[in-house]
Amino acid sequence: MKLNNILIKEFKNGCRKIVLDRGEALNSINLKMSNNLFMKLNEYNNDMDCKFILLCSNNNKSFSSGGDLKELVEKSNSSEGVQPILNSMYTLINLIHNFKKPIVSFINGLVIGSGVGISIHTSHKIISENVKWSMPENKIGYFPDVGTSFYLSKIGAIGLYLAMVGNSINSTDLLKLNIANYCIPFDLFNNAINDLCLTPNINYSNDIDIIIKKYKKNLIINKETSHIVKFNDIIQRCFSTKSKSVSEIINNLNNELLQNKNPEEKEWLINTISTLKNSCPTSICISFESLHRSLNLDIEEILKNDNRIGNRISSRQDLSQGVYRALVDKSYKPKFSPSSINDINQSFTDSFFLPFQDKRNELFSNNKKYI
């Protein structure tokens with residue numbers, strides 16, 4: 001069965017295989033795809049014959065490169081705004097996070113933005129050795145959304161670093177941070193997927209784990225293989241969750257640069273400071289605030305905040321500027337406004353999190369969570 005860039009196959013053992021099939025766009029997720037994913041997953045959530053979901057990609061280079069940015073910008077400039085896109089995606093994320101049955105995601109290549117969203121909330125996150133994982137939305141005037149702050153807020157300084165800077169991390173990093181559960185070499189993906197689809201009597205999550213463990217590979221996680229391990233100490237110092245503001249974090253980075261004598265760490269500091277300088281100041285401040293607020297919130301409250309922020313930040317020219325400079329002229333030099341974090345105060349940042357005056361604009365206002 002095919003539903004707008006999604007392939008679906010049902011197996012006798014209760015496996016329901018969903019394949020992202022928009023390879024020409026590196027499986028970026030548009031509104032129709034997220035609507036159809038929600039429709040099928042909601043159906044399978046209540047299907048007694050469905051035992052588990054298997055989610056994968058048909059593209060050897062990308063699990064999903066994120067949301068469809070062109071569609072997002074077009075909707076942001078329309079009369080209805082981005083509400084349909086955000087409502088669809090965040091409702092889908094909530095369903096995946098609370099799904100009653102195991103969802104096994106096979107992740108290879110690029111996994112960015114919304115691609116992170118639809119995989120990080122699954123029960124079994126299987127990665128290949130080739131994963132490039134990132135939440136780089138601050139660079140285009142958006143912010144790390146899709147409920148990722150539920151997880152990033154729980155890994156302290158590392159989570160703050162990943163959300164604010166948006167650097168890509170690899171498979172060993174994901175295993176180190178427990179963002180992924182297992183690594184299976186990419187050339188064994190099809191074997192493992194076929195085994196899960198065809199093995200009879202899979203009734204429990206443990207049955208899935210037994211099959212996965214037949215193919216898993218233990219990656220060596222050390223300073224040579226993991227960016228997070230290599231720079232952990234300096235990340236802990238500079239992105240401490242005890243920091244009270246973005247300005248304090250940037251001061252930490254600049255002070256560290258003056259004092260640090262390690263050549264590799266100095267290069268990391270220069271690159272990190274440069275990335276923050278060239279990212280959207282509003283987005284960085286929102287990311288900082290979002291992670292601090294999310295630590296003690298459940299997934300529904302986090303997604304409600306994501307919806308409030310997403311609708312407001314999408315109405316700003318920062319997003320159009322960021323996407324245009326990244327995808328059209330490829331100069332990667334957008335003109336954000338405000339142009340500096342020094343021009344942003346706390347009340348401005350707080351305004352993105354405020355409940356809507358019209359309650360109908362709130363996420364889940366129509367009680368569409370999952371059935």
# chains A, B, ... in the order shown; residues from 1 in each chain; ligands from 1

call {"tool": "residues_around", "arguments": {"residues": "Asp68 (chain A)", "least_positions_apart": "2", "cutoff": "10 Å", "atoms": "only C-alpha atoms", "output": "PDB file with N, CA and C atoms, in the first residue's frame"}}
result
ATOM      1  N   ALA A  25      13.707  13.897  -1.964  1.00  0.00           N
ATOM      2  CA  ALA A  25      13.830  15.029  -1.036  1.00  0.00           C
ATOM      3  C   ALA A  25      14.497  14.576   0.267  1.00  0.00           C
ATOM      4  N   ASN A  27      13.743  12.287   2.103  1.00  0.00           N
ATOM      5  CA  ASN A  27      12.681  11.961   3.053  1.00  0.00           C
ATOM      6  C   ASN A  27      12.332  13.110   3.996  1.00  0.00           C
ATOM      7  N   SER A  28      12.425  14.337   3.493  1.00  0.00           N
ATOM      8  CA  SER A  28      11.884  15.447   4.284  1.00  0.00           C
ATOM      9  C   SER A  28      10.375  15.242   4.390  1.00  0.00           C
ATOM     10  N   ILE A  29       9.824  15.585   5.541  1.00  0.00           N
ATOM     11  CA  ILE A  29       8.442  15.245   5.859  1.00  0.00           C
ATOM     12  C   ILE A  29       7.533  16.442   5.614  1.00  0.00           C
ATOM     13  N   ASN A  30       6.603  16.290   4.675  1.00  0.00           N
ATOM     14  CA  ASN A  30       5.644  17.359   4.412  1.00  0.00           C
ATOM     15  C   ASN A  30       4.325  17.078   5.135  1.00  0.00           C
ATOM     16  N   LEU A  31       3.379  17.971   4.972  1.00  0.00           N
ATOM     17  CA  LEU A  31       2.112  17.882   5.707  1.00  0.00           C
ATOM     18  C   LEU A  31       1.360  16.605   5.384  1.00  0.00           C
ATOM     19  N   SER A  65      15.630  13.975   6.407  1.00  0.00           N
ATOM     20  CA  SER A  65      16.387  15.228   6.519  1.00  0.00           C
ATOM     21  C   SER A  65      15.598  16.326   7.216  1.00  0.00           C
ATOM     22  N   GLY A  66      14.447  15.979   7.810  1.00  0.00           N
ATOM     23  CA  GLY A  66      13.688  16.950   8.597  1.00  0.00           C
ATOM     24  C   GLY A  66      12.365  17.325   7.965  1.00  0.00           C
ATOM     25  N   LYS A  70      10.626  24.316   2.593  1.00  0.00           N
ATOM     26  CA  LYS A  70       9.953  25.119   1.569  1.00  0.00           C
ATOM     27  C   LYS A  70       8.467  25.241   1.878  1.00  0.00           C
ATOM     28  N   GLU A  71       7.850  24.128   2.243  1.00  0.00           N
ATOM     29  CA  GLU A  71       6.431  24.139   2.593  1.00  0.00           C
ATOM     30  C   GLU A  71       6.195  24.987   3.841  1.00  0.00           C
ATOM     31  N   LEU A  72       7.097  24.892   4.819  1.00  0.00           N
ATOM     32  CA  LEU A  72       6.941  25.665   6.053  1.00  0.00           C
ATOM     33  C   LEU A  72       6.964  27.160   5.777  1.00  0.00           C
ATOM     34  N   VAL A  73       7.911  27.600   4.952  1.00  0.00           N
ATOM     35  CA  VAL A  73       8.007  29.028   4.632  1.00  0.00           C
ATOM     36  C   VAL A  73       6.790  29.484   3.827  1.00  0.00           C
ATOM     37  N   ILE A  85       0.610  22.559   9.701  1.00  0.00           N
ATOM     38  CA  ILE A  85       1.831  21.750   9.692  1.00  0.00           C
ATOM     39  C   ILE A  85       2.239  21.372  11.111  1.00  0.00           C
ATOM     40  N   SER A 114      12.752  17.094  12.169  1.00  0.00           N
ATOM     41  CA  SER A 114      11.577  16.238  12.320  1.00  0.00           C
ATOM     42  C   SER A 114      11.917  14.763  12.152  1.00  0.00           C
TER      43      SER A 114
END

call {"tool": "residues_around", "arguments": {"residues": "region 343-358 of chain A", "least_positions_apart": "4", "cutoff": "10 Å", "atoms": "only C-alpha atoms", "output": "PDB file with N, CA and C atoms, in the first residue's frame"}}
result
ATOM      1  N   SER A 245      21.967  32.426  31.649  1.00  0.00           N
ATOM      2  CA  SER A 245      21.591  33.105  30.406  1.00  0.00           C
ATOM      3  C   SER A 245      22.492  32.644  29.271  1.00  0.00           C
ATOM      4  N   PRO A 281      19.870  34.861  16.856  1.00  0.00           N
ATOM      5  CA  PRO A 281      19.878  35.161  18.296  1.00  0.00           C
ATOM      6  C   PRO A 281      18.564  34.803  18.995  1.00  0.00           C
ATOM      7  N   THR A 282      17.443  35.104  18.348  1.00  0.00           N
ATOM      8  CA  THR A 282      16.149  34.776  18.953  1.00  0.00           C
ATOM      9  C   THR A 282      16.023  33.274  19.144  1.00  0.00           C
ATOM     10  N   SER A 283      16.418  32.503  18.145  1.00  0.00           N
ATOM     11  CA  SER A 283      16.322  31.044  18.216  1.00  0.00           C
ATOM     12  C   SER A 283      17.199  30.482  19.327  1.00  0.00           C
ATOM     13  N   ILE A 284      18.402  31.008  19.469  1.00  0.00           N
ATOM     14  CA  ILE A 284      19.317  30.528  20.507  1.00  0.00           C
ATOM     15  C   ILE A 284      18.740  30.779  21.892  1.00  0.00           C
ATOM     16  N   CYS A 285      18.212  31.966  22.109  1.00  0.00           N
ATOM     17  CA  CYS A 285      17.626  32.297  23.410  1.00  0.00           C
ATOM     18  C   CYS A 285      16.411  31.434  23.719  1.00  0.00           C
ATOM     19  N   ILE A 286      15.597  31.152  22.706  1.00  0.00           N
ATOM     20  CA  ILE A 286      14.435  30.280  22.884  1.00  0.00           C
ATOM     21  C   ILE A 286      14.875  28.856  23.207  1.00  0.00           C
ATOM     22  N   SER A 287      15.920  28.378  22.525  1.00  0.00           N
ATOM     23  CA  SER A 287      16.419  27.021  22.772  1.00  0.00           C
ATOM     24  C   SER A 287      16.905  26.877  24.212  1.00  0.00           C
ATOM     25  N   PHE A 288      17.642  27.864  24.666  1.00  0.00           N
ATOM     26  CA  PHE A 288      18.133  27.879  26.045  1.00  0.00           C
ATOM     27  C   PHE A 288      16.965  27.816  27.029  1.00  0.00           C
ATOM     28  N   GLU A 289      15.981  28.667  26.811  1.00  0.00           N
ATOM     29  CA  GLU A 289      14.823  28.728  27.703  1.00  0.00           C
ATOM     30  C   GLU A 289      14.007  27.441  27.645  1.00  0.00           C
ATOM     31  N   SER A 290      13.836  26.911  26.455  1.00  0.00           N
ATOM     32  CA  SER A 290      13.023  25.708  26.263  1.00  0.00           C
ATOM     33  C   SER A 290      13.590  24.519  27.021  1.00  0.00           C
ATOM     34  N   ARG A 293      12.978  24.920  30.772  1.00  0.00           N
ATOM     35  CA  ARG A 293      11.569  24.720  31.143  1.00  0.00           C
ATOM     36  C   ARG A 293      11.137  23.262  31.005  1.00  0.00           C
ATOM     37  N   LYS A 304       3.004  21.428  23.614  1.00  0.00           N
ATOM     38  CA  LYS A 304       2.196  22.654  23.633  1.00  0.00           C
ATOM     39  C   LYS A 304       3.096  23.885  23.539  1.00  0.00           C
ATOM     40  N   ASN A 305       4.204  23.860  24.267  1.00  0.00           N
ATOM     41  CA  ASN A 305       5.162  24.967  24.172  1.00  0.00           C
ATOM     42  C   ASN A 305       5.774  25.042  22.779  1.00  0.00           C
ATOM     43  N   ASP A 306       6.137  23.880  22.216  1.00  0.00           N
ATOM     44  CA  ASP A 306       6.684  23.861  20.858  1.00  0.00           C
ATOM     45  C   ASP A 306       5.708  24.490  19.871  1.00  0.00           C
ATOM     46  N   ASN A 307       4.428  24.207  20.052  1.00  0.00           N
ATOM     47  CA  ASN A 307       3.403  24.754  19.158  1.00  0.00           C
ATOM     48  C   ASN A 307       3.290  26.270  19.304  1.00  0.00           C
ATOM     49  N   ARG A 308       3.335  26.752  20.530  1.00  0.00           N
ATOM     50  CA  ARG A 308       3.264  28.199  20.758  1.00  0.00           C
ATOM     51  C   ARG A 308       4.480  28.898  20.144  1.00  0.00           C
ATOM     52  N   ILE A 309       5.649  28.341  20.412  1.00  0.00           N
ATOM     53  CA  ILE A 309       6.878  28.934  19.864  1.00  0.00           C
ATOM     54  C   ILE A 309       6.881  28.847  18.343  1.00  0.00           C
ATOM     55  N   GLY A 310       6.561  27.664  17.821  1.00  0.00           N
ATOM     56  CA  GLY A 310       6.624  27.440  16.378  1.00  0.00           C
ATOM     57  C   GLY A 310       5.744  28.378  15.586  1.00  0.00           C
ATOM     58  N   ASN A 311       4.526  28.610  16.064  1.00  0.00           N
ATOM     59  CA  ASN A 311       3.622  29.521  15.374  1.00  0.00           C
ATOM     60  C   ASN A 311       4.146  30.955  15.408  1.00  0.00           C
ATOM     61  N   ARG A 312       4.704  31.345  16.529  1.00  0.00           N
ATOM     62  CA  ARG A 312       5.165  32.729  16.660  1.00  0.00           C
ATOM     63  C   ARG A 312       6.473  32.971  15.918  1.00  0.00           C
ATOM     64  N   ILE A 313       7.396  32.043  16.029  1.00  0.00           N
ATOM     65  CA  ILE A 313       8.697  32.256  15.392  1.00  0.00           C
ATOM     66  C   ILE A 313       8.589  32.150  13.869  1.00  0.00           C
ATOM     67  N   SER A 337      17.069  39.565  12.869  1.00  0.00           N
ATOM     68  CA  SER A 337      16.685  40.730  13.670  1.00  0.00           C
ATOM     69  C   SER A 337      15.851  40.269  14.875  1.00  0.00           C
ATOM     70  N   PRO A 338      16.288  40.567  16.089  1.00  0.00           N
ATOM     71  CA  PRO A 338      17.502  41.267  16.482  1.00  0.00           C
ATOM     72  C   PRO A 338      18.761  40.533  16.008  1.00  0.00           C
ATOM     73  N   SER A 339      19.828  41.295  15.823  1.00  0.00           N
ATOM     74  CA  SER A 339      21.050  40.738  15.265  1.00  0.00           C
ATOM     75  C   SER A 339      22.026  40.249  16.327  1.00  0.00           C
ATOM     76  N   GLU A 362      -4.466  26.429  20.658  1.00  0.00           N
ATOM     77  CA  GLU A 362      -3.604  25.576  21.460  1.00  0.00           C
ATOM     78  C   GLU A 362      -3.581  24.155  20.893  1.00  0.00           C
TER      79      GLU A 362
END

call {"tool": "residues_around", "arguments": {"residues": "region 187-201 of chain A", "least_positions_apart": "3", "cutoff": "12 Å", "atoms": "only C-alpha atoms", "output": "ChimeraX atom specification"}}
result
/A:9-19,49-58,60,103-108,126-130,182-184,204-217

call {"tool": "write_last_selection", "arguments": {"atoms": "C-alpha atoms", "output": "PDB file, in the first residue's frame"}}
result
ATOM      1  CA  LYS A   9       3.220  -3.593   4.315  1.00  0.00           C
ATOM      2  CA  GLU A  10       1.483  -5.853   6.821  1.00  0.00           C
ATOM      3  CA  PHE A  11       2.918  -9.204   7.888  1.00  0.00           C
ATOM      4  CA  LYS A  12       1.290 -12.293   9.381  1.00  0.00           C
ATOM      5  CA  ASN A  13       3.312 -12.054  12.592  1.00  0.00           C
ATOM      6  CA  GLY A  14       1.717  -8.704  13.439  1.00  0.00           C
ATOM      7  CA  CYS A  15       4.520  -6.499  12.123  1.00  0.00           C
ATOM      8  CA  ARG A  16       3.360  -3.372  10.349  1.00  0.00           C
ATOM      9  CA  LYS A  17       6.207  -1.991   8.228  1.00  0.00           C
ATOM     10  CA  ILE A  18       6.143   1.719   7.357  1.00  0.00           C
ATOM     11  CA  VAL A  19       8.745   2.970   4.881  1.00  0.00           C
ATOM     12  CA  ASP A  49      -3.659  -7.881  15.005  1.00  0.00           C
ATOM     13  CA  CYS A  50      -0.845  -5.341  15.045  1.00  0.00           C
ATOM     14  CA  LYS A  51       1.944  -6.386  17.437  1.00  0.00           C
ATOM     15  CA  PHE A  52       4.564  -3.780  16.604  1.00  0.00           C
ATOM     16  CA  ILE A  53       5.593  -1.125  14.069  1.00  0.00           C
ATOM     17  CA  LEU A  54       8.768  -1.179  12.002  1.00  0.00           C
ATOM     18  CA  LEU A  55       9.739   2.280  10.709  1.00  0.00           C
ATOM     19  CA  CYS A  56      12.502   2.675   8.130  1.00  0.00           C
ATOM     20  CA  SER A  57      13.621   4.544   5.022  1.00  0.00           C
ATOM     21  CA  ASN A  58      14.050   3.548   1.378  1.00  0.00           C
ATOM     22  CA  ASN A  60      20.507   4.767   1.610  1.00  0.00           C
ATOM     23  CA  ILE A 103       7.908   0.985  17.434  1.00  0.00           C
ATOM     24  CA  VAL A 104      11.249  -0.128  16.008  1.00  0.00           C
ATOM     25  CA  SER A 105      12.990   2.553  13.964  1.00  0.00           C
ATOM     26  CA  PHE A 106      15.903   1.683  11.674  1.00  0.00           C
ATOM     27  CA  ILE A 107      17.981   4.835  11.236  1.00  0.00           C
ATOM     28  CA  ASN A 108      20.771   5.351   8.700  1.00  0.00           C
ATOM     29  CA  ILE A 126      18.332   1.068  15.848  1.00  0.00           C
ATOM     30  CA  ILE A 127      21.141   3.027  14.208  1.00  0.00           C
ATOM     31  CA  SER A 128      23.709   2.099  11.591  1.00  0.00           C
ATOM     32  CA  GLU A 129      27.358   3.091  11.830  1.00  0.00           C
ATOM     33  CA  ASN A 130      26.671   5.903   9.319  1.00  0.00           C
ATOM     34  CA  TYR A 182      21.471  -0.553  19.390  1.00  0.00           C
ATOM     35  CA  CYS A 183      23.821  -0.319  16.416  1.00  0.00           C
ATOM     36  CA  ILE A 184      23.406  -2.741  13.519  1.00  0.00           C
ATOM     37  CA  TYR A 204       6.524  -8.832  23.550  1.00  0.00           C
ATOM     38  CA  SER A 205       9.167  -6.137  23.435  1.00  0.00           C
ATOM     39  CA  ASN A 206      11.689  -8.691  24.684  1.00  0.00           C
ATOM     40  CA  ASP A 207      11.066 -10.840  21.578  1.00  0.00           C
ATOM     41  CA  ILE A 208      12.113  -7.874  19.448  1.00  0.00           C
ATOM     42  CA  ASP A 209      15.254  -7.331  21.519  1.00  0.00           C
ATOM     43  CA  ILE A 210      16.282 -10.970  21.088  1.00  0.00           C
ATOM     44  CA  ILE A 211      16.135 -10.649  17.291  1.00  0.00           C
ATOM     45  CA  ILE A 212      17.942  -7.299  17.251  1.00  0.00           C
ATOM     46  CA  LYS A 213      20.762  -8.635  19.417  1.00  0.00           C
ATOM     47  CA  LYS A 214      21.540 -11.262  16.770  1.00  0.00           C
ATOM     48  CA  TYR A 215      22.725  -8.460  14.467  1.00  0.00           C
ATOM     49  CA  LYS A 216      23.942  -5.728  16.809  1.00  0.00           C
ATOM     50  CA  LYS A 217      27.499  -4.436  16.776  1.00  0.00           C
TER      51      LYS A 217
END

call {"tool": "closest_residue", "arguments": {"among": "A:Val246, A:Ser123, A:Ile158, A:Ile140", "to": "Lys335 (chain A)", "atoms": "only C-alpha atoms"}}
result
A:Ile140

call {"tool": "residues_around", "arguments": {"residues": "Lys40 (chain A)", "least_positions_apart": "3", "cutoff": "10 Å", "atoms": "only C-alpha atoms", "output": "list in words"}}
result
Leu3, Ile8, Arg16, Ile18, Asn35, Asn36, Leu37, Glu43, Tyr44 and Asn45 of chain A

call {"tool": "write_last_selection", "arguments": {"atoms": "N, CA, C and O atoms", "output": "CSV table (one decimal), in the first residue's frame"}}
result
chain,number,residue,atom,x,y,z
A,3,LEU,N,0.8,5.5,0.5
A,3,LEU,CA,0.1,6.7,0.9
A,3,LEU,C,1.0,7.9,0.8
A,3,LEU,O,1.8,8.1,1.8
A,8,ILE,N,3.5,1.0,2.9
A,8,ILE,CA,3.0,0.2,4.1
A,8,ILE,C,2.9,-1.3,3.7
A,8,ILE,O,2.3,-1.6,2.7
A,16,ARG,N,3.9,-4.3,11.3
A,16,ARG,CA,3.4,-3.4,10.3
A,16,ARG,C,4.5,-2.5,9.9
A,16,ARG,O,5.0,-1.7,10.7
A,18,ILE,N,6.4,0.4,8.0
A,18,ILE,CA,6.1,1.7,7.4
A,18,ILE,C,7.5,2.3,6.8
A,18,ILE,O,8.4,2.4,7.6
A,35,ASN,N,0.3,13.7,8.1
A,35,ASN,CA,-1.1,13.3,8.3
A,35,ASN,C,-1.3,11.8,8.1
A,35,ASN,O,-2.0,11.2,8.8
A,36,ASN,N,-0.6,11.3,7.0
A,36,ASN,CA,-0.8,9.9,6.7
A,36,ASN,C,-0.1,9.0,7.8
A,36,ASN,O,-0.6,7.9,8.1
A,37,LEU,N,1.0,9.4,8.3
A,37,LEU,CA,1.7,8.7,9.3
A,37,LEU,C,0.8,8.6,10.6
A,37,LEU,O,0.6,7.6,11.2
A,43,GLU,N,-4.5,4.0,13.6
A,43,GLU,CA,-5.2,2.8,13.3
A,43,GLU,C,-4.6,1.6,13.9
A,43,GLU,O,-5.2,0.7,14.5
A,44,TYR,N,-3.2,1.5,13.7
A,44,TYR,CA,-2.5,0.3,14.2
A,44,TYR,C,-2.4,0.3,15.8
A,44,TYR,O,-2.3,-0.8,16.4
A,45,ASN,N,-2.5,1.4,16.4
A,45,ASN,CA,-2.5,1.5,17.8
A,45,ASN,C,-3.7,0.8,18.4
A,45,ASN,O,-3.6,0.3,19.6

call {"tool": "residues_around", "arguments": {"residues": "Ser76 (chain A)", "least_positions_apart": "6", "cutoff": "9 Å", "atoms": "only C-alpha atoms", "output": "ChimeraX atom specification"}}
result
/A:82-83,311,314-316,319-320

call {"tool": "select_by_dssp", "arguments": {"residues": "region 230-267 of chain A", "states": "alpha helix (DSSP H)", "output": "MDAnalysis selection string"}}
result
chainID A and resid 230 232:238 246:259 263:267

call {"tool": "residues_around", "arguments": {"residues": "region 268-271 of chain A", "least_positions_apart": "2", "cutoff": "9 Å", "atoms": "only C-alpha atoms", "output": "ChimeraX atom specification"}}
result
/A:231,234,253-254,256-257,263-266,273-276

call {"tool": "write_last_selection", "arguments": {"atoms": "all heavy atoms", "output": "compact mmCIF listing (two decimals), in the first residue's frame"}}
result
# COMPACT_ATOMS: atom_id res chain seq x y z
N PHE A 231 35.10 16.01 23.74
CA PHE A 231 34.95 17.39 24.21
C PHE A 231 34.02 17.49 25.43
O PHE A 231 33.54 18.58 25.74
CB PHE A 231 34.44 18.27 23.08
CG PHE A 231 35.41 18.38 21.93
CD1 PHE A 231 35.17 17.73 20.73
CD2 PHE A 231 36.58 19.11 22.06
CE1 PHE A 231 36.07 17.82 19.67
CE2 PHE A 231 37.49 19.21 21.02
CZ PHE A 231 37.24 18.55 19.82
N ILE A 234 35.02 20.13 28.31
CA ILE A 234 34.88 21.54 27.95
C ILE A 234 33.41 21.91 27.74
O ILE A 234 32.98 23.03 28.04
CB ILE A 234 35.75 21.87 26.72
CG1 ILE A 234 35.92 23.38 26.56
CG2 ILE A 234 35.20 21.26 25.44
CD1 ILE A 234 36.97 23.77 25.55
N LEU A 253 32.50 30.53 26.99
CA LEU A 253 33.26 30.11 25.81
C LEU A 253 34.42 31.05 25.53
O LEU A 253 35.55 30.60 25.25
CB LEU A 253 32.32 30.05 24.60
CG LEU A 253 31.29 28.92 24.59
CD1 LEU A 253 30.18 29.21 23.58
CD2 LEU A 253 31.94 27.58 24.27
N ASN A 254 34.18 32.35 25.60
CA ASN A 254 35.24 33.33 25.33
C ASN A 254 36.35 33.27 26.38
O ASN A 254 37.54 33.36 26.05
CB ASN A 254 34.65 34.74 25.26
CG ASN A 254 33.87 34.98 23.97
OD1 ASN A 254 34.29 34.53 22.91
ND2 ASN A 254 32.75 35.67 24.07
N GLU A 256 37.12 30.66 28.19
CA GLU A 256 37.82 29.40 27.97
C GLU A 256 38.81 29.53 26.82
O GLU A 256 39.93 28.99 26.88
CB GLU A 256 36.80 28.30 27.67
CG GLU A 256 37.39 26.90 27.52
CD GLU A 256 37.72 26.23 28.85
OE1 GLU A 256 37.01 26.47 29.84
OE2 GLU A 256 38.70 25.46 28.88
N LEU A 257 38.43 30.23 25.78
CA LEU A 257 39.30 30.42 24.62
C LEU A 257 40.58 31.17 25.01
O LEU A 257 41.68 30.87 24.51
CB LEU A 257 38.56 31.18 23.52
CG LEU A 257 39.32 31.43 22.22
CD1 LEU A 257 39.75 30.12 21.56
CD2 LEU A 257 38.46 32.25 21.26
N PRO A 263 45.30 22.67 21.52
CA PRO A 263 45.00 23.10 20.14
C PRO A 263 43.65 22.60 19.62
O PRO A 263 42.92 23.36 18.97
CB PRO A 263 46.15 22.50 19.32
CG PRO A 263 47.25 22.29 20.30
CD PRO A 263 46.59 21.96 21.60
N GLU A 264 43.31 21.35 19.90
CA GLU A 264 42.04 20.81 19.42
C GLU A 264 40.86 21.48 20.11
O GLU A 264 39.84 21.75 19.48
CB GLU A 264 41.99 19.30 19.61
CG GLU A 264 42.92 18.53 18.68
CD GLU A 264 42.74 17.04 18.81
OE1 GLU A 264 42.47 16.57 19.94
OE2 GLU A 264 42.84 16.34 17.78
N GLU A 265 41.01 21.72 21.40
CA GLU A 265 39.93 22.38 22.13
C GLU A 265 39.80 23.84 21.72
O GLU A 265 38.68 24.37 21.65
CB GLU A 265 40.16 22.25 23.64
CG GLU A 265 39.94 20.83 24.16
CD GLU A 265 39.98 20.74 25.67
OE1 GLU A 265 40.35 21.74 26.33
OE2 GLU A 265 39.62 19.67 26.19
N LYS A 266 40.90 24.49 21.42
CA LYS A 266 40.84 25.88 20.94
C LYS A 266 40.12 25.96 19.60
O LYS A 266 39.30 26.86 19.38
CB LYS A 266 42.25 26.46 20.82
CG LYS A 266 42.91 26.83 22.14
CD LYS A 266 44.26 27.47 21.94
CE LYS A 266 44.15 28.92 21.51
NZ LYS A 266 43.68 29.79 22.60
N ILE A 273 31.94 29.17 18.93
CA ILE A 273 31.62 30.60 19.06
C ILE A 273 31.15 31.15 17.71
O ILE A 273 30.17 31.92 17.65
CB ILE A 273 32.85 31.38 19.57
CG1 ILE A 273 33.15 30.99 21.02
CG2 ILE A 273 32.63 32.89 19.45
CD1 ILE A 273 34.50 31.47 21.53
N SER A 274 31.80 30.74 16.63
CA SER A 274 31.42 31.20 15.29
C SER A 274 30.02 30.73 14.92
O SER A 274 29.22 31.50 14.36
CB SER A 274 32.44 30.70 14.27
OG SER A 274 32.05 31.05 12.96
N THR A 275 29.71 29.47 15.24
CA THR A 275 28.37 28.94 14.94
C THR A 275 27.30 29.72 15.68
O THR A 275 26.26 30.09 15.10
CB THR A 275 28.29 27.44 15.31
OG1 THR A 275 29.23 26.71 14.52
CG2 THR A 275 26.89 26.89 15.06
N LEU A 276 27.51 29.97 16.95
CA LEU A 276 26.53 30.74 17.73
C LEU A 276 26.39 32.16 17.20
O LEU A 276 25.28 32.71 17.13
CB LEU A 276 26.93 30.75 19.20
CG LEU A 276 26.76 29.43 19.95
CD1 LEU A 276 27.37 29.50 21.35
CD2 LEU A 276 25.29 29.03 20.04

call {"tool": "closest_residue", "arguments": {"among": "A:Leu297, A:Val116, A:Met39, A:Leu363", "to": "Ser153 (chain A)", "atoms": "only C-alpha atoms"}}
result
A:Leu297

call {"tool": "atom_distance", "arguments": {"atom1": "CA of Ser247 (chain A)", "atom2": "CA of Asn342 (chain A)"}}
result
7.6 Å

call {"tool": "select_by_dssp", "arguments": {"residues": "region 100-235 of chain A", "states": "strand (DSSP E)", "output": "list of chain:residue names"}}
result
A:Ile103, A:Val104, A:Ser105, A:Phe106, A:Ile107, A:Leu110, A:Val111, A:Ile112, A:His124, A:Lys125, A:Ile126, A:Ile127, A:Lys132, A:Trp133, A:Ser134, A:Tyr182, A:Cys183

call {"tool": "residues_around", "arguments": {"residues": "region 92-95 of chain A", "least_positions_apart": "6", "cutoff": "8 Å", "atoms": "only C-alpha atoms", "output": "list in words"}}
result
Ser34, Asn35, Leu37, Phe38, Leu41, Asn42, Gly117, Ile118, His121, Val146, Gly147, Ile299, Glu300, Leu303, Lys369 and Tyr370 of chain A

call {"tool": "atom_distance", "arguments": {"atom1": "CA of Val323 (chain A)", "atom2": "CA of Pro136 (chain A)"}}
result
11.9 Å
